Structure formats: structure tokens, C-alpha cells
file target33.cif (mmCIF, C-alpha atoms and all ligand atoms)
data_input
#
loop_
_atom_site.label_atom_id
_atom_site.label_comp_id
_atom_site.auth_asym_id
_atom_site.auth_seq_id
_atom_site.Cartn_x
_atom_site.Cartn_y
_atom_site.Cartn_z
CA MET A 1 31.17 64.43 93.86
CA ASP A 2 28.10 65.15 91.80
CA LYS A 3 26.14 61.94 91.13
CA HIS A 4 25.87 62.56 87.39
CA ILE A 5 29.59 63.05 87.03
CA GLN A 6 30.25 59.94 89.06
CA ARG A 7 27.92 57.96 86.84
CA LEU A 8 29.56 59.37 83.73
CA LEU A 9 33.01 58.45 85.04
CA ASN A 10 31.82 54.94 85.80
CA ARG A 11 30.55 54.63 82.29
CA ILE A 12 33.80 55.90 80.81
CA SER A 13 35.84 53.42 82.83
CA LEU A 14 33.53 50.63 81.71
CA VAL A 15 34.17 51.61 78.08
CA PHE A 16 37.92 51.53 78.69
CA ALA A 17 37.65 48.15 80.39
CA VAL A 18 35.77 46.73 77.42
CA ALA A 19 38.26 48.24 74.97
CA GLY A 20 41.14 46.81 77.01
CA THR A 21 39.56 43.38 77.03
CA LEU A 22 39.07 43.48 73.26
CA ALA A 23 42.69 44.52 72.74
CA LEU A 24 43.86 41.68 75.00
CA PHE A 25 41.63 39.29 73.12
CA HIS A 26 43.23 40.41 69.86
CA VAL A 27 46.75 39.97 71.22
CA PHE A 28 45.87 36.59 72.70
CA PHE A 29 44.23 35.47 69.49
CA SER A 30 47.22 36.51 67.36
CA THR A 31 49.62 34.87 69.79
CA SER A 32 47.89 31.53 69.77
CA VAL A 33 47.57 31.66 65.99
CA SER A 34 51.22 32.43 65.41
CA CYS A 35 52.27 29.77 67.90
CA SER A 36 50.58 27.08 65.91
CA TYR A 37 51.37 28.51 62.48
CA PRO A 38 54.48 30.62 62.79
CA ARG A 39 54.96 31.31 59.09
CA HIS A 40 53.39 29.09 56.53
CA HIS A 41 49.81 30.13 56.87
CA PRO A 42 49.41 33.53 55.26
CA ARG A 43 45.65 33.55 55.79
CA LEU A 44 46.23 33.64 59.49
CA HIS A 45 48.95 36.26 59.39
CA ASP A 46 47.99 39.50 60.96
CA THR A 47 50.01 42.58 61.69
CA LEU A 48 51.55 41.25 64.85
CA THR A 49 52.93 38.12 63.22
CA LEU A 50 53.96 40.11 60.13
CA THR A 51 55.85 42.60 62.27
CA LEU A 52 57.60 39.90 64.20
CA ALA A 53 58.22 37.67 61.21
CA HIS A 54 60.08 40.51 59.52
CA SER A 55 62.18 41.58 62.43
CA PRO A 56 65.56 39.83 62.81
CA PHE A 57 64.13 38.07 65.85
CA PRO A 58 62.07 36.85 67.61
CA ARG A 59 60.58 34.36 65.15
CA SER A 60 57.11 34.25 66.55
CA SER A 61 55.07 36.12 69.07
CA CYS A 62 55.58 33.15 71.45
CA ASP A 63 59.30 33.91 71.63
CA ALA A 64 58.46 37.57 71.94
CA SER A 65 56.65 37.17 75.21
CA SER A 66 59.75 35.79 76.88
CA ARG A 67 62.14 38.47 75.59
CA PRO A 68 63.05 41.47 77.71
CA ALA A 69 61.49 44.68 76.38
CA LEU A 70 63.69 46.94 74.25
CA SER A 71 63.24 50.69 74.22
CA PRO A 72 61.13 51.76 71.23
CA GLU A 73 64.12 53.56 69.63
CA ARG A 74 66.41 50.56 69.91
CA ARG A 75 63.71 48.19 68.77
CA PHE A 76 63.04 50.32 65.72
CA SER A 77 66.68 50.89 64.77
CA ARG A 78 67.30 47.17 65.08
CA ILE A 79 64.37 46.31 62.83
CA GLN A 80 65.25 49.05 60.37
CA SER A 81 68.79 47.75 59.92
CA SER A 82 67.61 44.25 59.03
CA ARG A 83 67.65 42.90 55.52
CA SER A 84 64.01 41.84 55.73
CA TRP A 85 63.04 45.43 56.53
CA ARG A 86 64.89 46.72 53.46
CA ASN A 87 63.44 44.00 51.23
CA ARG A 88 59.88 44.66 52.29
CA VAL A 89 60.29 48.42 51.99
CA ALA A 90 61.76 47.94 48.49
CA ALA A 91 58.86 45.67 47.47
CA LEU A 92 56.35 48.20 48.79
CA SER A 93 58.17 51.02 46.98
CA SER A 94 57.71 49.33 43.63
CA LEU A 95 54.09 48.65 44.48
CA PHE A 96 53.56 52.35 45.25
CA LEU A 97 55.28 53.24 41.99
CA ARG A 98 52.40 51.51 40.16
CA LEU A 99 49.94 53.69 42.03
CA ARG A 100 51.94 56.77 41.00
CA THR A 101 51.82 55.66 37.40
CA ALA A 102 48.06 55.24 37.72
CA HIS A 103 47.86 58.81 39.13
CA LEU A 104 46.45 57.55 42.41
CA LEU A 105 49.43 58.78 44.41
CA SER A 106 51.78 61.76 44.27
CA ASN A 107 54.20 63.54 46.60
CA SER A 108 51.40 65.78 47.79
CA SER A 109 48.92 62.98 48.57
CA ARG A 110 47.62 62.53 52.09
CA ILE A 111 47.94 58.84 52.81
CA LEU A 112 46.62 56.62 55.56
CA CYS A 113 48.22 53.22 56.18
CA VAL A 114 46.23 50.90 58.43
CA PHE A 115 47.52 47.79 60.21
CA SER A 116 50.97 49.02 59.34
CA GLY A 117 52.93 47.00 61.91
CA ALA A 118 56.36 48.58 62.30
CA GLY A 119 55.66 51.01 59.44
CA HIS A 120 57.28 49.50 56.35
CA GLU A 121 54.82 51.22 54.03
CA VAL A 122 55.13 54.52 55.86
CA ALA A 123 58.91 54.33 55.37
CA ALA A 124 58.56 53.40 51.69
CA LEU A 125 56.19 56.29 51.00
CA ARG A 126 58.27 58.86 52.87
CA GLN A 127 61.43 57.72 51.08
CA SER A 128 59.72 58.24 47.75
CA GLY A 129 58.95 61.86 48.64
CA VAL A 130 55.40 61.70 50.06
CA ILE A 131 55.28 64.01 53.05
CA ASP A 132 51.86 63.45 54.57
CA VAL A 133 51.72 59.78 55.57
CA THR A 134 49.91 58.50 58.64
CA GLY A 135 50.51 54.95 59.89
CA VAL A 136 48.25 53.32 62.46
CA ASP A 137 47.84 49.92 64.04
CA LEU A 138 46.27 48.41 67.16
CA ILE A 139 49.65 48.62 68.86
CA ASP A 140 51.75 51.74 68.45
CA PHE A 141 55.21 51.27 67.02
CA PRO A 142 57.17 54.51 67.24
CA PRO A 143 58.30 56.47 65.37
CA LEU A 144 56.26 55.59 62.25
CA VAL A 145 53.09 53.98 63.58
CA SER A 146 50.70 55.24 66.19
CA ARG A 147 47.87 53.46 67.86
CA ALA A 148 44.33 53.61 66.53
CA ASP A 149 41.50 51.14 66.18
CA PRO A 150 41.26 50.19 62.49
CA HIS A 151 37.56 49.48 63.02
CA ASN A 152 36.96 52.94 64.41
CA LEU A 153 39.50 55.31 62.93
CA PRO A 154 40.02 58.60 64.78
CA PHE A 155 39.88 60.69 61.58
CA PHE A 156 37.22 62.84 59.95
CA ASP A 157 35.44 61.77 56.76
CA ASN A 158 37.06 62.40 53.36
CA VAL A 159 40.45 63.54 54.65
CA PHE A 160 42.81 61.18 52.82
CA ASP A 161 43.64 60.76 49.13
CA LEU A 162 44.69 57.16 49.53
CA GLY A 163 44.09 54.45 52.09
CA PHE A 164 46.47 51.51 52.08
CA SER A 165 46.51 48.26 54.00
CA SER A 166 47.99 44.82 53.80
CA GLY A 167 46.17 43.83 56.97
CA LEU A 168 42.69 42.85 55.80
CA ALA A 169 43.22 39.26 56.96
CA GLY A 170 43.92 40.53 60.48
CA ALA A 171 40.69 42.52 60.70
CA LEU A 172 38.12 40.95 63.01
CA PHE A 173 35.35 42.70 61.10
CA PRO A 174 36.52 43.08 57.49
CA ALA A 175 33.45 44.99 56.26
CA ARG A 176 33.70 47.47 59.08
CA PHE A 177 37.44 47.85 58.46
CA VAL A 178 36.90 48.55 54.76
CA GLY A 179 34.00 50.86 55.63
CA GLU A 180 36.33 52.96 57.77
CA LEU A 181 38.82 53.25 54.89
CA GLU A 182 36.03 54.31 52.55
CA ARG A 183 34.78 56.85 55.07
CA THR A 184 38.13 58.53 55.65
CA VAL A 185 39.21 58.60 51.99
CA ARG A 186 37.78 61.44 49.91
CA LYS A 187 35.56 60.95 46.90
CA GLY A 188 37.88 60.46 43.93
CA GLY A 189 40.56 59.00 46.16
CA ALA A 190 41.50 55.33 46.29
CA VAL A 191 41.81 52.41 48.65
CA ALA A 192 44.58 49.91 47.90
CA LEU A 193 44.58 46.56 49.65
CA VAL A 194 47.27 43.92 49.46
CA VAL A 195 45.59 40.61 50.19
CA GLU A 196 46.50 36.97 50.03
CA ARG A 197 46.90 35.83 46.40
CA CYS A 198 43.50 35.68 44.72
CA GLY A 199 43.46 32.64 42.46
CA SER A 200 39.95 33.24 41.15
CA GLU A 201 37.48 35.93 40.23
CA ASP A 202 35.38 34.88 43.21
CA GLU A 203 38.16 35.72 45.63
CA VAL A 204 38.57 39.15 44.10
CA ALA A 205 34.79 39.57 44.20
CA SER A 206 34.66 38.74 47.89
CA VAL A 207 37.09 41.57 48.65
CA LYS A 208 35.27 43.88 46.26
CA GLY A 209 32.02 43.01 48.00
CA LEU A 210 33.28 44.58 51.22
CA PHE A 211 33.17 48.02 49.57
CA ARG A 212 29.97 50.01 49.50
CA LYS A 213 30.83 53.09 47.46
CA SER A 214 33.90 52.28 45.39
CA ASN A 215 34.68 50.73 42.06
CA LEU A 216 37.44 48.41 41.01
CA VAL A 217 40.40 50.07 39.32
CA GLU A 218 43.08 47.43 39.29
CA VAL A 219 43.83 43.86 40.31
CA SER A 220 47.43 42.68 40.02
CA ASN A 221 49.54 39.95 41.46
CA VAL A 222 52.52 41.13 43.50
CA THR A 223 55.20 39.53 45.65
CA LEU A 224 55.73 40.96 49.09
CA SER A 225 58.48 39.60 51.34
CA GLY A 226 58.40 36.34 49.42
CA SER A 227 54.63 35.98 49.73
CA GLU A 228 52.44 35.80 46.67
CA MET A 229 49.85 38.51 47.13
CA THR A 230 47.26 40.38 45.12
CA LEU A 231 46.91 44.15 44.98
CA ILE A 232 43.32 45.33 44.72
CA VAL A 233 42.76 49.02 44.06
CA MET A 234 39.32 50.57 44.43
CA ARG A 235 38.36 54.14 43.62
CA VAL A 236 36.08 55.78 46.14
CA ASN A 237 33.48 57.57 44.08
CA GLY A 238 30.29 57.35 46.09
CA VAL A 239 28.84 54.85 43.63
CA PRO A 240 28.00 51.30 44.72
CA PRO A 241 30.19 48.73 42.94
C1 LIG A 301 58.85 63.47 44.93
O1 LIG A 301 59.77 63.83 45.93
C2 LIG A 301 61.06 63.26 45.75
C3 LIG A 301 61.90 63.60 46.96
O2 LIG A 301 61.81 64.93 47.27
C4 LIG A 301 61.66 63.76 44.46
O3 LIG A 301 62.93 63.17 44.26
C5 LIG A 301 60.73 63.38 43.32
O4 LIG A 301 61.23 63.93 42.11
C6 LIG A 301 59.34 63.93 43.58
N1 LIG A 301 58.46 63.41 42.54
C7 LIG A 301 57.71 64.21 41.82
C8 LIG A 301 56.86 63.53 40.76
O5 LIG A 301 57.68 65.42 41.97
C1 LIG A 302 47.17 35.96 39.90
O1 LIG A 302 47.69 34.67 40.03
C2 LIG A 302 46.68 33.63 40.08
C3 LIG A 302 47.40 32.32 40.28
O2 LIG A 302 48.21 32.37 41.39
C4 LIG A 302 45.90 33.61 38.78
O3 LIG A 302 44.88 32.64 38.86
C5 LIG A 302 45.27 34.99 38.58
O4 LIG A 302 44.61 35.02 37.35
C6 LIG A 302 46.34 36.07 38.61
N1 LIG A 302 45.67 37.35 38.59
C7 LIG A 302 46.09 38.35 37.80
C8 LIG A 302 45.31 39.62 37.88
O5 LIG A 302 47.06 38.27 37.06
#
call {"tool": "encode", "arguments": {"input": "target33.cif", "output": "C-alpha cells"}}
result
Amino acid sequence: MDKHIQRLLNRISLVFAVAGTLALFHVFFSTSVSCSYPRHHPRLHDTLTLTLAHSPFPRSSCDASSRPALSPERRFSRIQSSRSWRNRVAALSSLFLRLRTAHLLSNSSRILCVFSGAGHEVAALRQSGVIDVTGVDLIDFPPLVSRADPHNLPFFDNVFDLGFSSGLAGALFPARFVGELERTVRKGGAVALVVERCGSEDEVASVKGLFRKSNLVEVSNVTLSGSEMTLIVMRVNGVPP
């Protein structure tokens, strides 16, 4: 084979090896975290623990590793029939209703949900009549969530009307994660983050500070699956906050 091609292939496989290692690191990190703090430490929750915590079982990702694998369809239908699924989808639906009222969301919006776990928010949005919803996470979860790196989203600039995530705490590089949301959401669109309950202006400011070209629209306290959270909505307008 041509030397250049060989070298290129070597480089590509190196990139994949690095990506694989990072993904493993993420999974390992989440596993060890959820083993020590299965539920009561929302700051340490990331998508993996959220997904598992809201499925009927297993209770933590530690149990998960010892369970036989279910087919994606069976796994999804099982999760979807659970009460915790319905509760979380209902809570997200009322949260999205606020965004509708604020004219940040309509049936014709193009929406990106990042760190969406099993796809609760995708389900809530589709049920309310939004057709164009994309859900991504580090691990794909068919049929609602496909795999993409939240720190390096595989979408063009300015293609979405709204970016939504409740996974900021699970992002290894929060500023980069927020930067990707700002990049993919069009000017005039919005980014809505559900974060751990902000008890002070400083906590809101630290989330706000991750944005480079958006301004604050709304801060409100919400309850999601029994957790006290805060909804922070930023409008992407190309102007530094
Ligand atoms: C959005 O779509 C749903 C389902 O089709 C429909 O019931 C609802 O009235 C629509 N909302 C608006 C504001 O058009
Ligand atoms: C949210 O609740 C916290 C207390 O848990 C309170 O300090 C804060 O002011 C509330 N924020 C809003 C926007 O109501």
C-alpha cells in the first residue's frame, strides 16, 4: 500500500484509540462516582446515573455491569413503561410549556437535546407536537438518542432554534460544552439548561459565565424527578453577556 495512505490510516486509528480511551474513562469515572454516591449527590449525577436512576432497575451503574444485556427495544419499552419515566417526561413537558409561553419554542422549532440519557426530553417534546427534535449523548440509546460527543457536536453552526440540556454537571469541560450549544444554535435562538438548584446569584453567574455570546432571559426554580433544580435560559444573540 502507498506509504502516505498507510500513514494516514495509522493516524486515523490512533485518533479512534484516543477517543475510545476517553469514552472508557468517562464510563469508568461515572461508574465509580455512582458506586459511592448512588443517589443523594446531585452534583455528581451525570447522564449515565440519571438514566439508570430513572429506570425501574438497576439502581446504580454498579448493578448494571452485572446484568445481562437487554436488546435496545426491550430496554427502551421497559424504561418507557415505568412510572419514573412518565413522571420525568411530565415534569419536562411543563418546563417546555414555559419556553412555549416565552416564545422560545414552537411546534416548528428545531431542537437539540444534549446529554439526553434515554431521551425523556425528546419524548416530552415530540408528545407536545414538536417534530424536529434531535437527542444525543455519549452513549446511544435507541430509538430517541443517538451517539455524539457533546464537546464536539457533529452539527453545522446555527442550525437549531433551541438547545436544551440537563447534563451540564456531567460535562468534563463545561465551557466547551456550552460553546458547542452556542455554536449550533442560531442567532435569536435560545439555550436552556437545567442545573442543580442555584441558591445564590453567584451560582447563576457561574453558569452564565460559561456563555460567550448569549444573554440571560430567565432563571426559575423547577422540580425534576424530585430534585430541586434551576432552569437557566439564555438567548443566543451574538452579544457577550
Ligand atoms: C402542536 O402540535 C400538537 C400536536 O399536533 C397540537 O395539538 C398543538 O395544537 C400544536 N400547537 C400549536 C401551538 O400549534
Ligand atoms: C431558587 O431557590 C433558592 C433556594 O433554594 C433561592 O435562594 C433562589 O432565590 C430561588 N431562585 C429563584 C429564581 O426563584
call {"tool": "atom_distance", "arguments": {"input": "target33.cif", "atom1": "CA of Arg75 (chain A)", "atom2": "CA of Pro143 (chain A)"}}
result
10.5 Å
call {"tool": "residues_near_ligand", "arguments": {"input": "target33.cif", "ligand": "ligand LIG 302 (chain A)", "cutoff": "8 Å", "atoms": "only C-alpha atoms and all ligand atoms", "output": "list in words"}}
result
Arg197, Cys198, Gly199, Ser200, Glu201, Val219, Ser220, Asn221, Glu228 and Thr230 of chain A
call {"tool": "atom_distance", "arguments": {"input": "target33.cif", "atom1": "CA of Arg100 (chain A)", "atom2": "CA of Gly117 (chain A)"}}
result
23.1 Å
call {"tool": "residues_near_ligand", "arguments": {"input": "target33.cif", "ligand": "ligand LIG 301 (chain A)", "cutoff": "7 Å", "atoms": "only C-alpha atoms and all ligand atoms", "output": "number ranges by chain"}}
result
A: 106-107, 128-130
call {"tool": "residues_around", "arguments": {"input": "target33.cif", "residues": "Arg235 (chain A)", "least_positions_apart": "5", "cutoff": "8 Å", "atoms": "only C-alpha atoms", "output": "ChimeraX atom specification"}}
result
/A:188-191,214-217
call {"tool": "write_last_selection", "arguments": {"input": "target33.cif", "atoms": "C-alpha atoms", "output": "compact mmCIF listing (two decimals), in the coordinates of the input"}}
result
# COMPACT_ATOMS: atom_id res chain seq x y z
CA GLY A 188 37.88 60.46 43.93
CA GLY A 189 40.56 59.00 46.16
CA ALA A 190 41.50 55.33 46.29
CA VAL A 191 41.81 52.41 48.65
CA SER A 214 33.90 52.28 45.39
CA ASN A 215 34.68 50.73 42.06
CA LEU A 216 37.44 48.41 41.01
CA VAL A 217 40.40 50.07 39.32
call {"tool": "closest_residue", "arguments": {"input": "target33.cif", "among": "A:Ile79, A:Leu95, A:Val159, A:Val89", "to": "Arg126 (chain A)", "atoms": "all atoms listed in the file"}}
result
A:Val89
call {"tool": "closest_residue", "arguments": {"input": "target33.cif", "among": "A:Leu231, A:Leu138, A:Ala148, A:Leu153", "to": "Gly170 (chain A)", "atoms": "all atoms listed in the file"}}
result
A:Leu138
call {"tool": "closest_residue", "arguments": {"input": "target33.cif", "among": "A:Pro142, A:Ser225, A:Leu168, A:Phe211", "to": "Ala90 (chain A)", "atoms": "all atoms listed in the file"}}
result
A:Ser225
call {"tool": "closest_residue", "arguments": {"input": "target33.cif", "among": "A:Glu121, A:Asp157, A:Asp202, A:Asp140", "to": "Glu180 (chain A)", "atoms": "only C-alpha atoms"}}
result
A:Asp157
call {"tool": "closest_residue", "arguments": {"input": "target33.cif", "among": "A:Ile131, A:Leu105, A:Val233, A:Ile111", "to": "Val195 (chain A)", "atoms": "all atoms listed in the file"}}
result
A:Val233
call {"tool": "residues_around", "arguments": {"input": "target33.cif", "residues": "Leu193 (chain A)", "least_positions_apart": "4", "cutoff": "6 Å", "atoms": "only C-alpha atoms", "output": "NGL selection string"}}
result
:A and (164-166 or 231-232)
call {"tool": "write_last_selection", "arguments": {"input": "target33.cif", "atoms": "C-alpha atoms", "output": "tab-separated table (two decimals), in the coordinates of the input"}}
result
chain	number	residue	atom	x	y	z
A	164	PHE	CA	46.47	51.51	52.08
A	165	SER	CA	46.51	48.26	54.00
A	166	SER	CA	47.99	44.82	53.80
A	231	LEU	CA	46.91	44.15	44.98
A	232	ILE	CA	43.32	45.33	44.72
call {"tool": "axis_aligned_box", "arguments": {"input": "target33.cif", "around": "region 195-203 of chain A", "padding_each_side": "6 Å", "output": "AutoDock Vina command-line options"}}
result
--center_x 41.1 --center_y 36.6 --center_z 45.2 --size_x 23.5 --size_y 20.0 --size_z 22.0
call {"tool": "closest_residue", "arguments": {"input": "target33.cif", "among": "A:Val185, A:Val114, A:Val222, A:Leu210", "to": "Asn237 (chain A)", "atoms": "all atoms listed in the file"}}
result
A:Val185
call {"tool": "atom_distance", "arguments": {"input": "target33.cif", "atom1": "CA of Leu125 (chain A)", "atom2": "CA of Asn152 (chain A)"}}
result
23.7 Å
call {"tool": "decode", "arguments": {"input": "target33.cif", "residues": "region 188-228 of chain A", "atoms": "C-alpha atoms", "output": "PDB file, in the first residue's frame"}}
result
ATOM      1  CA  GLY A 188     -32.002  34.671  18.092  1.00  0.00           C
ATOM      2  CA  GLY A 189     -32.423  31.113  19.314  1.00  0.00           C
ATOM      3  CA  ALA A 190     -32.030  30.016  22.923  1.00  0.00           C
ATOM      4  CA  VAL A 191     -30.113  27.631  25.120  1.00  0.00           C
ATOM      5  CA  ALA A 192     -31.967  26.245  28.138  1.00  0.00           C
ATOM      6  CA  LEU A 193     -30.027  24.476  30.853  1.00  0.00           C
ATOM      7  CA  VAL A 194     -31.474  22.685  33.845  1.00  0.00           C
ATOM      8  CA  VAL A 195     -28.808  22.739  36.538  1.00  0.00           C
ATOM      9  CA  GLU A 196     -28.570  21.890  40.187  1.00  0.00           C
ATOM     10  CA  ARG A 197     -30.583  24.363  42.294  1.00  0.00           C
ATOM     11  CA  CYS A 198     -28.831  27.729  42.344  1.00  0.00           C
ATOM     12  CA  GLY A 199     -29.189  29.177  45.820  1.00  0.00           C
ATOM     13  CA  SER A 200     -27.368  32.402  45.035  1.00  0.00           C
ATOM     14  CA  GLU A 201     -26.733  34.948  42.333  1.00  0.00           C
ATOM     15  CA  ASP A 202     -23.130  33.757  42.201  1.00  0.00           C
ATOM     16  CA  GLU A 203     -24.179  30.265  41.209  1.00  0.00           C
ATOM     17  CA  VAL A 204     -26.336  31.626  38.419  1.00  0.00           C
ATOM     18  CA  ALA A 205     -23.462  33.889  37.389  1.00  0.00           C
ATOM     19  CA  SER A 206     -21.060  30.972  37.183  1.00  0.00           C
ATOM     20  CA  VAL A 207     -23.337  29.229  34.677  1.00  0.00           C
ATOM     21  CA  LYS A 208     -23.919  32.486  32.821  1.00  0.00           C
ATOM     22  CA  GLY A 209     -20.167  32.991  32.668  1.00  0.00           C
ATOM     23  CA  LEU A 210     -19.792  29.882  30.521  1.00  0.00           C
ATOM     24  CA  PHE A 211     -21.616  31.643  27.673  1.00  0.00           C
ATOM     25  CA  ARG A 212     -19.738  33.876  25.284  1.00  0.00           C
ATOM     26  CA  LYS A 213     -22.432  35.320  23.035  1.00  0.00           C
ATOM     27  CA  SER A 214     -25.747  34.978  24.841  1.00  0.00           C
ATOM     28  CA  ASN A 215     -27.770  36.941  27.328  1.00  0.00           C
ATOM     29  CA  LEU A 216     -29.841  35.825  30.248  1.00  0.00           C
ATOM     30  CA  VAL A 217     -33.566  35.544  29.594  1.00  0.00           C
ATOM     31  CA  GLU A 218     -34.908  33.621  32.542  1.00  0.00           C
ATOM     32  CA  VAL A 219     -33.901  31.951  35.784  1.00  0.00           C
ATOM     33  CA  SER A 220     -36.515  29.853  37.559  1.00  0.00           C
ATOM     34  CA  ASN A 221     -36.580  27.119  40.107  1.00  0.00           C
ATOM     35  CA  VAL A 222     -38.086  23.847  38.922  1.00  0.00           C
ATOM     36  CA  THR A 223     -38.514  20.335  40.303  1.00  0.00           C
ATOM     37  CA  LEU A 224     -37.415  17.484  38.114  1.00  0.00           C
ATOM     38  CA  SER A 225     -37.899  13.887  39.248  1.00  0.00           C
ATOM     39  CA  GLY A 226     -37.982  15.066  42.846  1.00  0.00           C
ATOM     40  CA  SER A 227     -34.768  17.066  42.504  1.00  0.00           C
ATOM     41  CA  GLU A 228     -34.730  20.779  43.130  1.00  0.00           C
TER      42      GLU A 228
END
